[in-house]
Structure formats: C-alpha cells, structure tokens
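Engineer: This is the structure I have questions about; it appears just below.
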Amino acid sequence: MKYLDEYRDPALARKISRAIHRITTKPHVIMEICGGQTHAIVKFGVDVLLPGQITLVHGPGCPVCVTPLELIDKALDIAARPEVIFCSFGDMLRVPGSGKDLLTVKAEGGDVRIVYSPLDALSLAKANPSRQVVFFAIGFETTAPGNAMAVYQAYQQQIKNFFMLVSHVLVPPAMRAILSSPQNRVEGFLAAGHVCAVMGYEEYIPIAREFKVPIVVTGFEPLDILQGILMVVRQLEQGRYEVENQYSRAVKRGGNAPAQEIIKEVFEVAPRKWRGVGDIPHSGLKLREQYQSFDAEGRFGLSGMTREEPEECISGLILQGLKKPGECPAFGQRCTPQHPLGATMGSSEGACAAYYRYRRFTDFGKPRERGVIS
Amino acid sequence: MCLAIPGQIVSIEGDDPFYRLGKIRFGGVTKQVSLAYVPEAKVGDYALVHAGFAINLVDESEALGVFELLKDIEDIPDESAEGSSQ
C-alpha cells in the first residue's frame with residue numbers, strides 16, 4: 001500500500017541503523033510515546049538494529065492501558081443494563097475491571113457492540129430510539145475530534161438517547177509527569193505522530209526547553225521510527241534539545257485547525273487519573289457544560305465511584321518507562337493476553353502484549369546481537 | 001489506538017462541511033469516512049484515516065523526505081572507518 005510499504009524497506013532500515021551506530025558515543029534512554037510505535041518497534045525488531053548504548057523505553061501512549069479501573073467498572077455497570085446498547089472500540093473488551101471485562105458482560109447477555117467509529121454509535125442511537133446507546137469514548141488527541149463530532153452532531157440533531165462515557169487523555173501533561181518524576185531516566189522522546197497530526201507540535205516546545213530534552217515528532221513505520229531515533233540521538237550527541245518533525249508528510253506545525261476547533265467546542269481540559277500512574281492535573285478532557293446531557297456518568301448516576309488498582313501488576317512502572325515487560329515475574333505466566341492482570345497486557349497495543357506476541361520465545365530481556373527487518 | 005491508515009479518496013458526497021463523506025480505498029478495501037476535518041480534500045488525494053475520520057491529508061512532497069535523508073546517509077563512508085565522530 002502506498003505510504004506504508006516503502007517505509008518498510010530492510011536495506012534502507014539498515015542504512016539508517018548504520019548512521020545511528022556511527023554517531024552514538026554514549027548511552028541514551030529514549031521513550032516512544034505511542035503504543036502503536038511500541039508495537040512497530042517490537043514487531044519489526046527496530047530496537048535490535050540499535051547500538052547497545054541506546055535503550056528504548058515504552059511510553060504511556062496506549063489509551064486503553066491508562067483508562068482507570070473505576071472507568072472500566074463504570075462501563076461494566078452501564079453495559080449490563082437491559083436498556084443499554086454499549087458501544088466500544090474492540091480494544092476495550094478484554095481489559096479487566098475489578099471483577100470481569102466487557103466481553104464477559106456480553107457473554108452474560110449485555111448488549112455490547114464493537115464499533116469502528118463514534119458516528120456508528122450515533123447511527124445506532126438513531127436506529128434504536130427506545131434504547132440508551134452509550135459510547136465508551138477513550139483515546140488521546142487523535143481520537144478526540146471524532147468523538148467530539150459525534151456529540152456535536154447528536155446535539156445538532158437533538159438525539160436524546162446517545163451518551164458518552166468519556167475517558168480522554170492528553171499527551172503533553174503525561175510527558176511532563178514522566179520528566180518530573182525523581183526516578184525519570186528518559187533523555188529524549190519520539191512524540192506520537194498522529195496526536196501531532198491533530199494538535200501540531202507547538203505545545204512540545206516549552207517542554208523541550210524546560211526539561212532540556214529533544215522531542216522528535218515521529219511516524220509509525222520502521223523507517224520513520226529509525227529516522228526519528230537518528231534525529232533524537234543526533235540532538236543528544238550535539239547537546240541540543242529542540243522539537244523536530246520527522247513525520248512531515250502527515251504533521252504540520254499548527255496541526256489540524258478544524259479538528260482543534262471542534263475539540264474546543266465540545267470538550268474542556270480536566271484532571272484525569274491514569275491507570276497505574278495516578279492523578280495528573282490538566283491531563284484529560286471532559287464534556288463542556290453545554291454538552292453535559294450526553295455524559296453517561298451523569299445519566300447513570302456513577303460520578304462518585306472510585307477503585308484501587310490491584311498490586312501485582314507493574315503496568316504503571318512500564319507506562320512510565322521505569323520497567324520493561326520482561327522484568328515482571330507474572331509476564332507470560334499468571335498474565336497473558338487471554339487472562340491479563342493489567343491493561344498493558346489486555347490491550348492489543350499495550351507494551352506487554354507486544355512482547356508477548358512477538359518476543360515471548362526469545363530472551364527479550366537482553367538485546368540480541370543482530371536482527372532482521374522483515 | 002492512535003492507528004491511522006493512509007488511503008486514497010475515490011469519491012466524495014455531500015456539501016455540508018460537517019457531514020461531508022468520502023469513499024477511501026485502502027489496498028483492496030474501501031470504507032466510507034468523514035471528511036469534516038479535511039475541507040480541502042479532493043478525489044485522488046491520500047488521507048490518513050483514524051476511527052472513521054480523515055485526520056489529515058498526506059503531503060506528497062514531504063513523503064519523499066525520508067528518502068532524501070537516506071541519500072545523504074549514503075554519502076557517509078561505511079562503518080568502522082570513522083568510529084564515532086559526528
């Protein structure tokens with residue numbers, strides 16, 4: 001497919017790899033923010049093509065992984081009600097709540113449906129006026145314009161049986177939280193390309209300056225990721241800390257203005273709890289007052305519910321780049337994608353799921369000598 | 001989750017910018033997506049599609065940027081010779 005296949009060329013990947021080897025003189029820890037990038041790295045063996053001095057740690061950019069336990073429990077509560085059609089992206093169905101997951105609720109008779117777009121949920125609401133249709137609106141800035149549009153259209157068309165369970169999170173506050181941690185070891189970032197396609201990258205400039213970290217907006221194919229790493233390493237070796245854009249075919253400095261407008265129209269910034277990480281101020285979105293009638297928590301009286309995380313899962317440390325999946329004693333034993341202890345294994349794009357899928361039969365705790373990009 | 005796939009716009013319907021829809025072809029699969037956020041889109045353009053919405057068009061000239069950079073890399077003498085200098 002055009003704009004995908006040409007960015008997977010193994011010979012070109014090795015060429016960039018050689019360039020990274022050539023300029024690397026000291027150890028660097030680099031975090032890729034996005035779970036999609038994590039998967040590409042592990043799947044294509046991008047990390048294996050890097051010098052041993054470069055460590056990639058995997059960031060919090062998996063919205064399914066960071067959705068707090070109480071929100072999953074609220075989803076389970078709502079989805080089990082007979083009057084409800086509960087719509088979600090497929091990723092959320094296996095993520096464990098306190099007792100069960102959405103797939104179990106479905107098996108027990110709940111009307112849980114996987115949708116491709118929030119507009120599909122809105123169509124379901126129009127087609128089923130006697131039912132309450134609830135969409136589980138999780139995601140980062142990339143997903144926010146679509147979810148905002150569904151609410152905006154529901155408002156315009158006065159659809160009264162459509163609701164959103166909102167768990168929207170924002171990337172820059174999470175980067176600040178990681179960099180502010182006393183245990184932080186991240187020296188440079190690959191910023192999430194599709195988040196920046198919507199938001200642009202101006203908001204990263206103060207972060208790069210304040211924390212003296214290079215930030216490179218990066219795409220999702222192996223060549224994109226290798227080039228992004230090359231650009232970060234070059235900055236680190238030269239002592240620079242700027243925001244650069246590797247993914248210029250999709251990302252403009254100012255982002256997508258119409259998408260930003262509708263996000264601002266429907267949502268406002270709010271504090272959010274991140275699963276495994278905790279509360280981060282200004283790190284999420286909630287529906288504005290004008291659109292509160294679409295809020296599922298309010299509609300079903302669940303606003304006050306809170307939950308504590310189970311202790312065995314170390315996903316919080318993984319999402320902050322402090323541990324890797326192989327350092328967890330439960331990995332692949334008590335914790336698998338079929339029976340996950342936490343969301344980094346339960347989500348198809350979580351870091352633990354990536355290692356389970358692509359590396360579980362290798363000694364992935366240690367870097368291999370040489371890899372092949374296929 | 002923030003997965004977005006590039007596909008080519010094969011047809012466009014509707015005039016209202018909020019409700020404009022496009023048929024987009026991804027390899028052998030065609031899907032209908034909202035073009036609300038790419039008002040400049042026209043048939044033949046490539047769009048990045050996430051969860052039913054085109055979130056941007058792919059900039060054709062910028063798409064070659066990676067390969068331009070690789071040309072520069074080729075000019076650097078091959079490994080071991082220079083060690084670690086920049």
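Numbering starts fresh at 1 for the residues of each chain in the structure tokens, the chains themselves are lettered A, B, ... in the order given, and ligands are numbered from 1 as they appear.
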Leaving out A:Val169 and any residue of its chain fewer than 2 positions from it, which residues lie within 7 Å of it when counting only C-alpha atoms, given as a list in words?

Structural biologist: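 The filter keeps Gly139, Phe140, Ser167, Val171, Ser283, Gly284 and Leu285 of chain A.
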
Engineer: Just list the residues in stretch 199-242 of chain A DSSP gives strand (DSSP E) on the backbone, as a PDB file with N, CA and C atoms, in the first residue's frame.

Structural biologist:
```pdb
ATOM      1  N   ILE A 215      12.768  16.395  21.382  1.00  0.00           N
ATOM      2  CA  ILE A 215      11.486  15.753  21.079  1.00  0.00           C
ATOM      3  C   ILE A 215      11.341  15.730  19.563  1.00  0.00           C
ATOM      4  N   VAL A 216      11.187  14.544  18.998  1.00  0.00           N
ATOM      5  CA  VAL A 216      11.048  14.431  17.544  1.00  0.00           C
ATOM      6  C   VAL A 216       9.698  13.796  17.217  1.00  0.00           C
ATOM      7  N   VAL A 217       8.859  14.557  16.535  1.00  0.00           N
ATOM      8  CA  VAL A 217       7.565  14.038  16.082  1.00  0.00           C
ATOM      9  C   VAL A 217       7.843  12.939  15.066  1.00  0.00           C
ATOM     10  N   THR A 218       7.327  11.734  15.330  1.00  0.00           N
ATOM     11  CA  THR A 218       7.757  10.555  14.563  1.00  0.00           C
ATOM     12  C   THR A 218       6.562   9.745  14.074  1.00  0.00           C
TER      13      THR A 218
END
```

Engineer: For chain A, list the residues within 6 Å of chain B, counting only C-alpha atoms, and write the list as a ChimeraX atom specification.

Structural biologist: /A:1,22-23,25,116-117,142,248-250,258-259

Engineer: Selection from above, C-alpha atoms, as a tab-separated table (two decimals), in the first residue's frame, can you write it?

Structural biologist:
```tsv
chain	number	residue	atom	x	y	z
A	1	MET	CA	0.00	0.00	0.00
A	22	ARG	CA	28.19	5.87	13.71
A	23	ILE	CA	27.09	8.90	15.72
A	25	THR	CA	29.21	7.81	21.58
A	116	TYR	CA	-15.38	1.34	14.07
A	117	SER	CA	-16.30	4.98	14.57
A	142	THR	CA	-6.06	11.72	17.77
A	248	SER	CA	6.17	15.95	7.96
A	249	ARG	CA	4.07	14.07	5.41
A	250	ALA	CA	1.26	13.97	7.99
A	258	PRO	CA	-10.90	22.45	12.13
A	259	ALA	CA	-10.31	19.38	14.31
```

Engineer: With only C-alpha atoms as the atoms that count, which of A:Tyr356, A:Tyr204, A:Trp274, A:Phe294 lies nearest to A:Gln158?

Structural biologist: A:Phe294

Engineer: Could you work out how far atom CA of A:Thr336 lies from atom CA of A:Leu93, giving the answer in Å with one decimal?

Structural biologist: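 Separation of atom CA of A:Leu93 and atom CA of A:Thr336: 14.9 Å.
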
Engineer: Can you tell me which residues surround A:Leu76 at a distance of at most 8 Å, considering only C-alpha atoms, apart from same-chain residues fewer than 5 positions away, and format the answer as an mmCIF file with C-alpha atoms, in the first residue's frame?

Structural biologist:
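Writing done, so here's selection11.cif:
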```
data_model
loop_
_atom_site.group_PDB
_atom_site.id
_atom_site.type_symbol
_atom_site.label_atom_id
_atom_site.label_comp_id
_atom_site.auth_asym_id
_atom_site.auth_seq_id
_atom_site.Cartn_x
_atom_site.Cartn_y
_atom_site.Cartn_z
ATOM 1 C CA GLY A 97 -12.153 -4.313 35.548
ATOM 2 C CA LYS A 100 -14.811 -9.028 34.930
ATOM 3 C CA ASP A 101 -14.419 -7.475 31.491
ATOM 4 C CA LEU A 102 -16.816 -6.223 28.806
ATOM 5 C CA VAL A 105 -20.740 -8.836 30.304
#
```

Engineer: Please run DSSP on the backbone and report, as number ranges by chain, all residues within stretch 9-253 of chain A that come out as helix (DSSP H, G or I).

Structural biologist: A: 10-23, 35-44, 47-49, 63-66, 69-79, 90-94, 102-107, 118-127, 144-156, 171-180, 193-199, 202-211, 222-238

Engineer: Identify, on the basis of only C-alpha atoms, every residue whose closest approach to A:Pro145 does not exceed 8 Å; exclude the query and any residue fewer than 5 positions from it along the same chain; express the result as a JSON list (two decimals) with C-alpha atoms, in the first residue's frame.

Structural biologist:
```json
[["chain", "number", "residue", "atom", "x", "y", "z"],
["A", 259, "ALA", "CA", -10.31, 19.38, 14.31],
["A", 260, "GLN", "CA", -8.93, 21.51, 17.14],
["A", 262, "ILE", "CA", -14.48, 21.10, 17.41],
["A", 263, "ILE", "CA", -12.49, 19.59, 20.29]]
```

Engineer: Name all residues at most 8 Å from B:Ile9 (count only C-alpha atoms; drop same-chain ones fewer than 6 positions away) and give them as a VMD selection string.

Structural biologist: chain B and resid 22 to 25 42 to 47

Engineer: How would the residues just picked look written out with N, CA and C atoms as a short mmCIF file (atom, residue, chain, number, x, y, z; two decimals), in the first residue's frame?

Structural biologist:
```
data_model
loop_
_atom_site.label_atom_id
_atom_site.label_comp_id
_atom_site.auth_asym_id
_atom_site.auth_seq_id
_atom_site.Cartn_x
_atom_site.Cartn_y
_atom_site.Cartn_z
N GLY B 22 -16.37 10.66 2.41
CA GLY B 22 -15.55 10.22 1.30
C GLY B 22 -15.44 8.71 1.29
N LYS B 23 -15.43 8.13 0.10
CA LYS B 23 -15.08 6.70 -0.02
C LYS B 23 -13.58 6.65 -0.17
N ILE B 24 -12.94 5.89 0.71
CA ILE B 24 -11.48 5.84 0.70
C ILE B 24 -11.03 4.40 0.52
N ARG B 25 -10.09 4.21 -0.41
CA ARG B 25 -9.60 2.86 -0.70
C ARG B 25 -8.27 2.62 0.01
N LYS B 42 -9.78 16.46 -2.04
CA LYS B 42 -10.43 16.21 -3.32
C LYS B 42 -10.13 14.78 -3.77
N VAL B 43 -10.92 14.31 -4.72
CA VAL B 43 -10.75 12.94 -5.21
C VAL B 43 -9.31 12.75 -5.71
N GLY B 44 -8.72 11.62 -5.33
CA GLY B 44 -7.34 11.34 -5.73
C GLY B 44 -6.34 11.59 -4.61
N ASP B 45 -6.70 12.47 -3.64
CA ASP B 45 -5.80 12.74 -2.51
C ASP B 45 -5.68 11.51 -1.61
N TYR B 46 -4.58 11.44 -0.90
CA TYR B 46 -4.41 10.42 0.13
C TYR B 46 -4.72 11.04 1.49
N ALA B 47 -5.54 10.35 2.27
CA ALA B 47 -5.89 10.85 3.60
C ALA B 47 -5.46 9.84 4.66
#
```

Engineer: Kindly give the distance, in Å, that separates atom CA of B:Pro17 and atom CA of A:Phe86, rounded to a single decimal.

Structural biologist: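 Taking atom CA of B:Pro17 as the start and atom CA of A:Phe86 as the end point, the length is 28.7 Å.
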
Engineer: To one decimal place in Å, what is the distance between atom CA of A:Val232 and atom CA of A:Gly219?

Structural biologist: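 Distance reported for this atom pair: 13.6 Å.
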
Engineer: Got a sec: who's within 8 Å of A:Ser17, counting only C-alpha atoms, leaving out chain neighbours fewer than 2 positions off, as an NGL selection string?

Structural biologist: :A and (13-15 or 19-21 or 49-50 or 226)

Engineer: Need to verify the contact set: A:Val213, 6 Å, only C-alpha atoms, exclusion of same-chain residues closer than 5 positions in sequence. Can you return it as a list in words?

Structural biologist: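 The filter keeps Glu187, Gly188, Ala208 and Tyr241 of chain A.
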